[in-house]
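This is entry08.pdb (PDB, C-alpha atoms and all ligand atoms).
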```
ATOM      1  CA  MET L 526       1.398  13.489   7.573
ATOM      2  CA  GLU L 527      -1.103  10.752   8.076
ATOM      3  CA  THR L 528      -0.464   7.037   8.594
ATOM      4  CA  VAL L 529      -2.894   4.322   7.648
ATOM      5  CA  LYS L 530      -2.709   0.558   7.908
ATOM      6  CA  LEU L 531      -4.322  -1.319   5.034
ATOM      7  CA  ASP L 532      -5.232  -4.980   4.892
ATOM      8  CA  VAL L 533      -3.680  -6.316   1.657
ATOM      9  CA  GLN L 534      -4.867  -9.635   0.246
ATOM     10  CA  GLY L 535      -3.302 -11.794  -2.443
ATOM     11  CA  MET L 536       0.392 -11.427  -1.644
ATOM     12  CA  THR L 537       2.134 -14.805  -1.671
ATOM     13  CA  CYS L 538       5.870 -14.070  -1.527
ATOM     14  CA  GLN L 539       8.465 -11.381  -0.936
ATOM     15  CA  GLY L 540       8.221 -10.433  -4.610
ATOM     16  CA  CYS L 541       4.618  -9.416  -4.002
ATOM     17  CA  VAL L 542       5.696  -7.440  -0.954
ATOM     18  CA  ALA L 543       8.294  -5.637  -3.069
ATOM     19  CA  SER L 544       5.711  -4.916  -5.793
ATOM     20  CA  VAL L 545       3.172  -3.469  -3.376
ATOM     21  CA  THR L 546       5.868  -1.411  -1.664
ATOM     22  CA  ARG L 547       6.994  -0.055  -5.034
ATOM     23  CA  VAL L 548       3.537   0.939  -6.272
ATOM     24  CA  LEU L 549       2.658   2.592  -2.978
ATOM     25  CA  LYS L 550       5.877   4.615  -2.899
ATOM     26  CA  ALA L 551       5.177   5.681  -6.494
ATOM     27  CA  VAL L 552       1.910   7.370  -5.478
ATOM     28  CA  PRO L 553       2.540  11.134  -5.295
ATOM     29  CA  GLY L 554       2.338  12.226  -1.672
ATOM     30  CA  VAL L 555       3.397   8.910  -0.144
ATOM     31  CA  THR L 556       6.496   9.342   2.004
ATOM     32  CA  ASP L 557       6.812   5.826   3.391
ATOM     33  CA  ALA L 558       5.323   2.376   2.888
ATOM     34  CA  ALA L 559       6.045  -0.686   5.032
ATOM     35  CA  VAL L 560       4.514  -3.878   3.680
ATOM     36  CA  THR L 561       4.384  -7.244   5.437
ATOM     37  CA  LEU L 562       3.474 -10.650   4.021
ATOM     38  CA  GLN L 563       2.337 -12.274   7.264
ATOM     39  CA  PRO L 564      -0.087 -10.731   7.967
ATOM     40  CA  GLY L 565      -0.695  -9.130   4.584
ATOM     41  CA  ALA L 566      -0.662  -5.466   5.438
ATOM     42  CA  ALA L 567       0.684  -2.116   4.349
ATOM     43  CA  THR L 568       1.423   0.732   6.708
ATOM     44  CA  VAL L 569       1.551   3.868   4.608
ATOM     45  CA  THR L 570       2.535   7.389   5.578
ATOM     46  CA  PHE L 571       1.263  10.077   3.234
ATOM     47  CA  ASP L 572       0.533  13.766   2.881
ATOM     48  CA  PRO L 573      -3.277  14.079   3.083
ATOM     49  CA  ALA L 574      -3.106  17.239   0.962
ATOM     50  CA  ARG L 575      -1.701  15.206  -1.955
ATOM     51  CA  THR L 576      -3.313  11.780  -1.772
ATOM     52  CA  ASN L 577      -5.835   9.721   0.156
ATOM     53  CA  VAL L 578      -6.701   6.206   1.252
ATOM     54  CA  ALA L 579      -8.870   5.609  -1.833
ATOM     55  CA  ALA L 580      -5.919   6.386  -4.131
ATOM     56  CA  LEU L 581      -3.701   4.017  -2.150
ATOM     57  CA  GLY L 582      -6.296   1.270  -2.521
ATOM     58  CA  THR L 583      -6.528   1.912  -6.259
ATOM     59  CA  ALA L 584      -2.738   1.646  -6.619
ATOM     60  CA  ILE L 585      -2.743  -1.698  -4.795
ATOM     61  CA  ARG L 586      -5.637  -3.059  -6.881
ATOM     62  CA  ASP L 587      -4.004  -1.869 -10.097
ATOM     63  CA  ALA L 588      -0.942  -3.910  -9.104
ATOM     64  CA  GLY L 589      -3.136  -7.025  -8.912
ATOM     65  CA  TYR L 590      -3.820  -7.313  -5.188
ATOM     66  CA  ASP L 591      -6.888  -6.695  -3.079
ATOM     67  CA  VAL L 592      -7.485  -4.354  -0.197
ATOM     68  CA  GLY L 593      -9.742  -5.269   2.688
ATOM     69  CA  ALA L 594     -11.582  -2.935   5.021
TER      70      ALA L 594
HETATM   71 CU    CU L 601       4.754 -12.963  -4.935
END
```
How does this structure look as structure tokens?
Ligand SMILES: [Cu+2]
Amino acid sequence: METVKLDVQGMTCQGCVASVTRVLKAVPGVTDAAVTLQPGAATVTFDPARTNVAALGTAIRDAGYDVGA
């Protein structure tokens, strides 16, 4: 397993946090996702054989948020 911390921009309330958590956990290979509003961040644990950081970023963007470096 690999853990990465992503900078997530555009979340304004706990509903956003719940949305980002849900889309991340829906990515095949993700085993855990902990999202915080302040600061906007997502700590994601995933199986590197099944997914990658780029796919996590795509899932977040598809949900309407932005991912920083
Ligand atoms: Cu919100």
Evaluated on this file, the PyMOL selection byres (((chain L and resi 532-536) around 12) and not hetatm) picks out some residues - which ones are they, written as a VMD selection string?
chain L and resid 529 to 531 537 to 546 549 559 to 569 578 581 to 586 588 to 594
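The spacing separating CA of Phe571 (chain L) from CA of Asp587 (chain L) amounts to 18.7 Å.
The spacing separating CA of Arg575 (chain L) from CA of Ala551 (chain L) amounts to 12.6 Å.
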Measure the distance from CA of Pro573 (chain L) to CA of Val548 (chain L) in Å and round it to one decimal.
17.5 Å
